[in-house]
Amino acid sequence: IAHGYDMAHGLDQQKLAVKTGYWPLFRFNPTNEQGKRFTLDSADPSVPMEEFLYNENRFATIKNNYPDKAGEFLDKANEGMHTRLTRLQAFRNL
């Protein structure tokens, strides 16, 4: 209920989370003998963060009730996503 979307579309929402960079996909295999232990599977973000966030009640409620704060939070979410992505991309060669 808190998410606010039809759970039959849960996979679509998960795909949006990955496409926005909100949820990066990666694998870590410490026993990889070829030396490449970390693999970043998700591509660079291709969908705006708000397309994912505002599908869910927990985020849309903030936007509806506190639009000025919602913009601030969205900026912070985008900033955090870019920071995580930069860090994850740095590990590609491990």
# chains A, B, ... in the order shown; residues from 1 in each chain; ligands from 1

$ select_by_dssp --residues "chain A" --states "alpha helix (DSSP H)" --output "PyMOL selection string"
chain A and resi 10-20+49-53+57-65+67-90

$ residues_around --residues "Asn55 (chain A)" --least-positions-apart "4" --cutoff "7 Å" --atoms "only C-alpha atoms" --output "number ranges by chain"
A: 5, 51, 60

$ write_last_selection --atoms "C-alpha atoms" --output "compact mmCIF listing (two decimals), in the first residue's frame"
# COMPACT_ATOMS: atom_id res chain seq x y z
CA TYR A 5 1.32 1.27 -7.45
CA GLU A 51 9.84 9.09 -13.22
CA ALA A 60 4.69 11.43 -4.36

$ residues_around --residues "Phe28 (chain A)" --least-positions-apart "3" --cutoff "10 Å" --atoms "only C-alpha atoms" --output "list of chain:residue names"
A:Thr31, A:Asn32, A:Lys36, A:Arg37, A:Phe38, A:Thr39, A:Leu40, A:Leu94

$ write_last_selection --atoms "N, CA and C atoms" --output "PDB file, in the first residue's frame"
ATOM      1  N   THR A  31      36.251 -14.954  -5.959  1.00  0.00           N
ATOM      2  CA  THR A  31      37.048 -16.101  -6.414  1.00  0.00           C
ATOM      3  C   THR A  31      37.316 -16.088  -7.912  1.00  0.00           C
ATOM      4  N   ASN A  32      36.935 -15.033  -8.593  1.00  0.00           N
ATOM      5  CA  ASN A  32      37.164 -14.962 -10.037  1.00  0.00           C
ATOM      6  C   ASN A  32      38.662 -15.030 -10.316  1.00  0.00           C
ATOM      7  N   LYS A  36      38.939 -10.169 -12.494  1.00  0.00           N
ATOM      8  CA  LYS A  36      37.829  -9.218 -12.559  1.00  0.00           C
ATOM      9  C   LYS A  36      36.757  -9.688 -11.585  1.00  0.00           C
ATOM     10  N   ARG A  37      36.832  -9.176 -10.370  1.00  0.00           N
ATOM     11  CA  ARG A  37      35.938  -9.636  -9.319  1.00  0.00           C
ATOM     12  C   ARG A  37      34.638  -8.854  -9.253  1.00  0.00           C
ATOM     13  N   PHE A  38      34.629  -7.651  -9.789  1.00  0.00           N
ATOM     14  CA  PHE A  38      33.458  -6.789  -9.708  1.00  0.00           C
ATOM     15  C   PHE A  38      32.934  -6.520 -11.109  1.00  0.00           C
ATOM     16  N   THR A  39      31.620  -6.677 -11.290  1.00  0.00           N
ATOM     17  CA  THR A  39      30.991  -6.405 -12.577  1.00  0.00           C
ATOM     18  C   THR A  39      29.801  -5.481 -12.354  1.00  0.00           C
ATOM     19  N   LEU A  40      29.815  -4.341 -13.027  1.00  0.00           N
ATOM     20  CA  LEU A  40      28.683  -3.422 -12.984  1.00  0.00           C
ATOM     21  C   LEU A  40      27.805  -3.752 -14.178  1.00  0.00           C
ATOM     22  N   LEU A  94      38.429  -4.004 -10.943  1.00  0.00           N
ATOM     23  CA  LEU A  94      38.917  -4.858  -9.847  1.00  0.00           C
ATOM     24  C   LEU A  94      38.664  -6.313 -10.126  1.00  0.00           C
TER      25      LEU A  94
END

$ atom_distance --atom1 "CA of Gly21 (chain A)" --atom2 "CA of Pro45 (chain A)"
5.1 Å

$ closest_residue --among "A:Trp23, A:Tyr66, A:Phe91, A:Phe73" --to "Asp44 (chain A)" --atoms "only C-alpha atoms"
A:Trp23

$ select_by_dssp --residues "chain A" --states "strand (DSSP E or B)" --output "JSON, numbers by chain"
{"A": [26, 27, 28, 38, 39, 40]}

$ atom_distance --atom1 "CA of Ala77 (chain A)" --atom2 "CA of Ala8 (chain A)"
26.0 Å

$ atom_distance --atom1 "CA of Asp75 (chain A)" --atom2 "CA of Arg27 (chain A)"
27.5 Å

$ residues_around --residues "Ser46 (chain A)" --least-positions-apart "5" --cutoff "12 Å" --atoms "only C-alpha atoms" --output "ChimeraX atom specification"
/A:15-22,51-52

$ closest_residue --among "A:Asp12, A:Arg87, A:Ile62, A:Gly35" --to "Leu74 (chain A)" --atoms "only C-alpha atoms"
A:Ile62

$ closest_residue --among "A:Asn78, A:Asn65, A:Leu25, A:Gln34" --to "Pro48 (chain A)" --atoms "only C-alpha atoms"
A:Asn78
